$ cat work_36.cif   # mmCIF, C-alpha atoms and all ligand atoms
data_final
#
loop_
_atom_site.group_PDB
_atom_site.id
_atom_site.type_symbol
_atom_site.label_atom_id
_atom_site.label_comp_id
_atom_site.auth_asym_id
_atom_site.auth_seq_id
_atom_site.Cartn_x
_atom_site.Cartn_y
_atom_site.Cartn_z
ATOM 1 C CA MET Y 1 70.795 134.121 9.764
ATOM 2 C CA LYS Y 2 74.545 134.609 9.832
ATOM 3 C CA LYS Y 3 75.846 137.152 7.317
ATOM 4 C CA GLN Y 4 77.512 135.550 4.313
ATOM 5 C CA VAL Y 5 81.128 136.525 3.789
ATOM 6 C CA PRO Y 6 83.557 135.784 0.944
ATOM 7 C CA ILE Y 7 85.583 132.582 1.265
ATOM 8 C CA VAL Y 8 89.001 131.889 -0.217
ATOM 9 C CA ARG Y 9 90.283 128.486 0.819
ATOM 10 C CA HIS Y 10 92.836 126.051 -0.595
ATOM 11 C CA ILE Y 11 92.094 122.339 -0.703
ATOM 12 C CA SER Y 12 95.265 121.683 1.321
ATOM 13 C CA GLU Y 13 93.604 123.449 4.286
ATOM 14 C CA VAL Y 14 90.827 120.847 4.402
ATOM 15 C CA THR Y 15 91.195 117.444 6.065
ATOM 16 C CA PRO Y 16 89.674 114.578 4.050
ATOM 17 C CA VAL Y 17 86.828 112.670 5.696
ATOM 18 C CA PRO Y 18 85.338 109.273 4.774
ATOM 19 C CA CYS Y 19 81.853 109.380 3.242
ATOM 20 C CA PRO Y 20 79.472 106.802 1.649
ATOM 21 C CA CYS Y 21 80.976 107.746 -1.743
ATOM 22 C CA GLY Y 22 84.645 107.432 -0.834
ATOM 23 C CA GLU Y 23 86.685 110.231 0.672
ATOM 24 C CA SER Y 24 85.687 113.870 0.639
ATOM 25 C CA ARG Y 25 87.349 117.212 1.208
ATOM 26 C CA ARG Y 26 84.510 119.446 2.333
ATOM 27 C CA ILE Y 27 85.774 122.843 1.345
ATOM 28 C CA ILE Y 28 82.632 124.919 1.908
ATOM 29 C CA THR Y 29 80.296 123.593 4.603
ATOM 30 C CA ARG Y 30 77.324 124.561 6.738
ATOM 31 C CA ALA Y 31 79.798 126.029 9.195
ATOM 32 C CA ASP Y 32 80.520 128.760 6.634
ATOM 33 C CA ALA Y 33 76.845 129.826 6.576
ATOM 34 C CA ALA Y 34 77.134 129.712 2.763
ATOM 35 C CA ALA Y 35 74.252 129.203 0.326
ATOM 36 C CA LEU Y 36 75.779 125.962 -0.928
ATOM 37 C CA GLY Y 37 78.357 123.360 0.003
ATOM 38 C CA LEU Y 38 81.352 122.466 -2.132
ATOM 39 C CA HIS Y 39 83.384 119.288 -1.832
ATOM 40 C CA VAL Y 40 86.154 117.639 -3.794
ATOM 41 C CA THR Y 41 85.578 113.918 -3.478
ATOM 42 C CA ASP Y 42 87.556 110.849 -4.471
ATOM 43 C CA LEU Y 43 84.710 108.552 -5.463
ATOM 44 C CA GLY Y 44 85.268 104.835 -5.021
ATOM 45 C CA GLY Y 45 83.056 102.017 -3.813
ATOM 46 C CA ALA Y 46 80.191 104.489 -3.528
ATOM 47 C CA ARG Y 47 77.032 103.181 -1.875
ATOM 48 C CA LYS Y 48 73.740 103.953 -3.580
ATOM 49 C CA HIS Y 49 71.972 106.715 -1.690
ATOM 50 C CA TYR Y 50 69.661 109.668 -2.045
ATOM 51 C CA HIS Y 51 68.883 112.932 -0.332
ATOM 52 C CA ARG Y 52 65.395 114.160 0.532
ATOM 53 C CA VAL Y 53 66.264 117.848 0.470
ATOM 54 C CA THR Y 54 69.695 118.287 -1.094
ATOM 55 C CA THR Y 55 70.361 118.809 -4.808
ATOM 56 C CA GLU Y 56 73.862 117.796 -5.884
ATOM 57 C CA VAL Y 57 75.922 118.746 -8.919
ATOM 58 C CA TYR Y 58 78.949 116.595 -9.712
ATOM 59 C CA HIS Y 59 81.654 117.774 -12.079
ATOM 60 C CA ILE Y 60 84.153 115.040 -12.920
ATOM 61 C CA LEU Y 61 87.786 116.130 -12.698
ATOM 62 C CA GLU Y 62 89.663 112.841 -13.062
ATOM 63 C CA GLY Y 63 89.157 109.138 -13.656
ATOM 64 C CA LYS Y 64 86.885 106.906 -15.644
ATOM 65 C CA GLY Y 65 83.600 105.313 -14.694
ATOM 66 C CA GLN Y 66 79.861 105.610 -14.548
ATOM 67 C CA ILE Y 67 77.145 107.327 -12.558
ATOM 68 C CA GLU Y 68 73.953 105.425 -11.768
ATOM 69 C CA LEU Y 69 70.863 107.659 -11.468
ATOM 70 C CA ASP Y 70 67.580 105.954 -10.515
ATOM 71 C CA GLY Y 71 68.790 102.702 -12.073
ATOM 72 C CA THR Y 72 70.141 104.176 -15.330
ATOM 73 C CA VAL Y 73 73.916 104.027 -15.769
ATOM 74 C CA TYR Y 74 75.693 106.852 -17.602
ATOM 75 C CA GLU Y 75 79.303 106.848 -18.797
ATOM 76 C CA VAL Y 76 81.198 109.801 -17.334
ATOM 77 C CA ARG Y 77 84.687 111.210 -17.814
ATOM 78 C CA PRO Y 78 86.611 114.356 -16.934
ATOM 79 C CA GLY Y 79 84.503 117.330 -18.006
ATOM 80 C CA THR Y 80 81.137 115.617 -17.415
ATOM 81 C CA THR Y 81 78.667 117.475 -15.176
ATOM 82 C CA ILE Y 82 75.831 115.555 -13.484
ATOM 83 C CA TYR Y 83 72.830 117.305 -11.938
ATOM 84 C CA ILE Y 84 71.156 115.157 -9.272
ATOM 85 C CA PRO Y 85 67.833 116.486 -7.945
ATOM 86 C CA ALA Y 86 66.696 115.554 -4.438
ATOM 87 C CA GLY Y 87 65.118 112.098 -4.369
ATOM 88 C CA VAL Y 88 67.170 110.579 -7.204
ATOM 89 C CA LYS Y 89 69.012 107.430 -6.055
ATOM 90 C CA HIS Y 90 72.630 107.687 -7.134
ATOM 91 C CA ARG Y 91 76.074 106.229 -6.918
ATOM 92 C CA ALA Y 92 79.380 106.518 -8.736
ATOM 93 C CA ILE Y 93 80.958 103.404 -10.232
ATOM 94 C CA GLY Y 94 84.687 103.269 -10.816
ATOM 95 C CA SER Y 95 87.412 105.534 -9.561
ATOM 96 C CA LEU Y 96 86.591 109.199 -10.092
ATOM 97 C CA LYS Y 97 87.490 112.568 -8.628
ATOM 98 C CA ALA Y 98 84.715 115.136 -8.693
ATOM 99 C CA VAL Y 99 83.815 118.585 -7.507
ATOM 100 C CA ILE Y 100 80.432 118.242 -5.807
ATOM 101 C CA ALA Y 101 78.250 121.258 -5.117
ATOM 102 C CA THR Y 102 75.328 120.768 -2.758
ATOM 103 C CA VAL Y 103 72.313 123.006 -2.236
ATOM 104 C CA PRO Y 104 71.715 123.544 0.608
ATOM 105 C CA PRO Y 105 75.155 122.887 2.168
ATOM 106 C CA PHE Y 106 75.765 119.189 2.891
ATOM 107 C CA ASP Y 107 73.906 117.753 5.866
ATOM 108 C CA ALA Y 108 74.779 114.192 6.906
ATOM 109 C CA THR Y 109 71.240 113.698 8.263
ATOM 110 C CA ASP Y 110 69.913 114.117 4.684
ATOM 111 C CA GLU Y 111 71.819 111.095 3.364
ATOM 112 C CA TYR Y 112 69.813 107.874 3.010
ATOM 113 C CA VAL Y 113 71.765 104.783 1.984
ATOM 114 C CA CYS Y 114 69.727 102.315 -0.102
ATOM 115 C CA ASP Y 115 69.743 98.587 0.497
ATOM 116 C CA GLU Y 116 72.482 97.033 -1.605
ATOM 117 C CA LYS Y 117 71.818 94.130 -3.903
ATOM 118 C CA PRO Y 118 74.426 91.379 -3.514
HETATM 119 ZN ZN ZN G 201 74.636 112.097 -2.880
#

$ encode --input "work_36.cif" --output "structure tokens"
Amino acid sequence: MKKQVPIVRHISEVTPVPCPCGESRRIITRADAAALGLHVTDLGGARKHYHRVTTEVYHILEGKGQIELDGTVYEVRPGTTIYIPAGVKHRAIGSLKAVIATVPPFDATDEYVCDEKP
């Protein structure tokens, strides 16, 4: 395994990429050989999905909305932290900006989009 090294990185150094949740700046990724991934994501129009392996922690920075976790909807606002174990179906509702930590680092092959109801 690659040796872990300290990382100091500004968000402006990271190009945003589209994701099922909106648009994400993936600040710490698998490429860093880090123990976790860290993204800052503008959540909007998120599609319900789950991960088989990855645990996610969202911390809401901006906006107003809800988080749906296995069918239960929770009100969230700046300062709310949401712990999402692997296997829990989730999506953000509304327009939110969040820091998202992922353990292990984010892997697109561990993202399973659920069938949407009309
Ligand atoms: Zn997710």

$ resolve_selection --input "work_36.cif" --expression "the PyMOL selection byres (((chain Y and resi 54) around 6) and not hetatm)" --output "list in words"
His51, Val53, Thr55, Ala86, Val103 and Pro104 of chain Y

$ closest_residue --input "work_36.cif" --among "Y:Thr72, Y:Gly22, Y:Glu62, Y:Ala35" --to "ligand ZN 201 (chain G)" --atoms "all atoms listed in the file"
Y:Gly22

$ resolve_selection --input "work_36.cif" --expression "the PyMOL selection byres (((not hetatm)) within 9 of (chain G and resi 201))" --output "PyMOL selection string"
chain Y and resi 20-21+48-51+54-56+84+86+88-91+100+102+111-112

$ residues_around --input "work_36.cif" --residues "Thr15 in chain Y" --least-positions-apart "4" --cutoff "12 Å" --atoms "all atoms listed in the file" --output "JSON list (two decimals) with C-alpha atoms, in the coordinates of the input"
[["chain", "number", "residue", "atom", "x", "y", "z"],
["Y", 10, "HIS", "CA", 92.84, 126.05, -0.60],
["Y", 11, "ILE", "CA", 92.09, 122.34, -0.70],
["Y", 23, "GLU", "CA", 86.68, 110.23, 0.67],
["Y", 24, "SER", "CA", 85.69, 113.87, 0.64],
["Y", 25, "ARG", "CA", 87.35, 117.21, 1.21],
["Y", 26, "ARG", "CA", 84.51, 119.45, 2.33],
["Y", 27, "ILE", "CA", 85.77, 122.84, 1.34],
["Y", 39, "HIS", "CA", 83.38, 119.29, -1.83],
["Y", 40, "VAL", "CA", 86.15, 117.64, -3.79],
["Y", 41, "THR", "CA", 85.58, 113.92, -3.48]]

$ closest_residue --input "work_36.cif" --among "Y:Thr80, Y:Ala98, Y:Leu69, Y:Val57" --to "Gly37 in chain Y" --atoms "only C-alpha atoms"
Y:Val57

$ atom_distance --input "work_36.cif" --atom1 "CA of Arg47 in chain Y" --atom2 "CA of Glu13 in chain Y"
26.9 Å

$ residues_around --input "work_36.cif" --residues "Asp32 in chain Y" --least-positions-apart "5" --cutoff "10 Å" --atoms "all atoms listed in the file" --output "JSON, numbers by chain"
{"Y": [2, 3, 4, 5, 6, 7, 27, 37, 105]}

$ closest_residue --input "work_36.cif" --among "Y:Ile82, Y:Val99, Y:Ile28, Y:Ala34" --to "Leu61 in chain Y" --atoms "all atoms listed in the file"
Y:Val99

$ atom_distance --input "work_36.cif" --atom1 "CA of Ala108 in chain Y" --atom2 "CA of Pro85 in chain Y"
16.6 Å

$ closest_residue --input "work_36.cif" --among "Y:Ala33, Y:Val14, Y:Ala101, Y:Ala92" --to "Gly71 in chain Y" --atoms "only C-alpha atoms"
Y:Ala92

$ decode --input "work_36.cif" --residues "range 87-110 of chain Y" --atoms "N, CA and C atoms" --output "JSON list (two decimals), in the first residue's frame"
[["chain", "number", "residue", "atom", "x", "y", "z"],
["Y", 87, "GLY", "N", -25.40, 0.71, 2.58],
["Y", 87, "GLY", "CA", -26.67, -0.01, 2.42],
["Y", 87, "GLY", "C", -27.89, 0.86, 2.61],
["Y", 88, "VAL", "N", -27.74, 2.03, 3.23],
["Y", 88, "VAL", "CA", -28.89, 2.92, 3.45],
["Y", 88, "VAL", "C", -29.15, 3.72, 2.17],
["Y", 89, "LYS", "N", -30.40, 3.61, 1.65],
["Y", 89, "LYS", "CA", -30.77, 4.36, 0.44],
["Y", 89, "LYS", "C", -30.95, 5.82, 0.83],
["Y", 90, "HIS", "N", -30.33, 6.72, 0.06],
["Y", 90, "HIS", "CA", -30.36, 8.13, 0.46],
["Y", 90, "HIS", "C", -30.39, 9.07, -0.73],
["Y", 91, "ARG", "N", -30.93, 10.25, -0.43],
["Y", 91, "ARG", "CA", -30.88, 11.34, -1.39],
["Y", 91, "ARG", "C", -31.13, 12.64, -0.64],
["Y", 92, "ALA", "N", -30.58, 13.72, -1.19],
["Y", 92, "ALA", "CA", -30.83, 15.06, -0.66],
["Y", 92, "ALA", "C", -31.98, 15.67, -1.46],
["Y", 93, "ILE", "N", -32.81, 16.44, -0.76],
["Y", 93, "ILE", "CA", -33.93, 17.13, -1.39],
["Y", 93, "ILE", "C", -33.73, 18.62, -1.12],
["Y", 94, "GLY", "N", -33.84, 19.42, -2.16],
["Y", 94, "GLY", "CA", -33.61, 20.84, -2.00],
["Y", 94, "GLY", "C", -32.23, 21.21, -2.49],
["Y", 95, "SER", "N", -31.84, 22.43, -2.22],
["Y", 95, "SER", "CA", -30.56, 22.93, -2.67],
["Y", 95, "SER", "C", -29.65, 23.10, -1.46],
["Y", 96, "LEU", "N", -28.64, 22.27, -1.38],
["Y", 96, "LEU", "CA", -27.77, 22.22, -0.21],
["Y", 96, "LEU", "C", -26.32, 22.15, -0.65],
["Y", 97, "LYS", "N", -25.44, 22.71, 0.18],
["Y", 97, "LYS", "CA", -24.00, 22.49, -0.01],
["Y", 97, "LYS", "C", -23.52, 21.72, 1.20],
["Y", 98, "ALA", "N", -22.75, 20.66, 0.97],
["Y", 98, "ALA", "CA", -22.31, 19.82, 2.07],
["Y", 98, "ALA", "C", -20.87, 19.38, 1.88],
["Y", 99, "VAL", "N", -20.20, 19.21, 3.02],
["Y", 99, "VAL", "CA", -18.94, 18.47, 3.04],
["Y", 99, "VAL", "C", -19.33, 17.01, 3.17],
["Y", 100, "ILE", "N", -18.78, 16.16, 2.33],
["Y", 100, "ILE", "CA", -19.10, 14.73, 2.40],
["Y", 100, "ILE", "C", -17.80, 13.95, 2.57],
["Y", 101, "ALA", "N", -17.71, 13.25, 3.70],
["Y", 101, "ALA", "CA", -16.57, 12.35, 3.91],
["Y", 101, "ALA", "C", -17.01, 10.95, 3.55],
["Y", 102, "THR", "N", -16.15, 10.20, 2.90],
["Y", 102, "THR", "CA", -16.47, 8.83, 2.53],
["Y", 102, "THR", "C", -15.37, 7.90, 3.02],
["Y", 103, "VAL", "N", -15.80, 6.78, 3.58],
["Y", 103, "VAL", "CA", -14.85, 5.75, 4.03],
["Y", 103, "VAL", "C", -15.28, 4.43, 3.41],
["Y", 104, "PRO", "N", -14.50, 3.77, 2.62],
["Y", 104, "PRO", "CA", -13.20, 4.22, 2.11],
["Y", 104, "PRO", "C", -13.38, 5.38, 1.12],
["Y", 105, "PRO", "N", -12.28, 5.89, 0.53],
["Y", 105, "PRO", "CA", -12.42, 6.97, -0.45],
["Y", 105, "PRO", "C", -13.42, 6.60, -1.54],
["Y", 106, "PHE", "N", -14.12, 7.60, -2.06],
["Y", 106, "PHE", "CA", -15.19, 7.41, -3.03],
["Y", 106, "PHE", "C", -14.75, 6.52, -4.20],
["Y", 107, "ASP", "N", -15.66, 5.61, -4.55],
["Y", 107, "ASP", "CA", -15.44, 4.71, -5.68],
["Y", 107, "ASP", "C", -16.74, 4.68, -6.48],
["Y", 108, "ALA", "N", -16.69, 5.18, -7.71],
["Y", 108, "ALA", "CA", -17.90, 5.29, -8.53],
["Y", 108, "ALA", "C", -18.55, 3.93, -8.77],
["Y", 109, "THR", "N", -17.78, 2.84, -8.69],
["Y", 109, "THR", "CA", -18.38, 1.52, -8.92],
["Y", 109, "THR", "C", -19.17, 1.04, -7.71],
["Y", 110, "ASP", "N", -19.12, 1.79, -6.60],
["Y", 110, "ASP", "CA", -19.89, 1.45, -5.39],
["Y", 110, "ASP", "C", -21.09, 2.40, -5.24]]
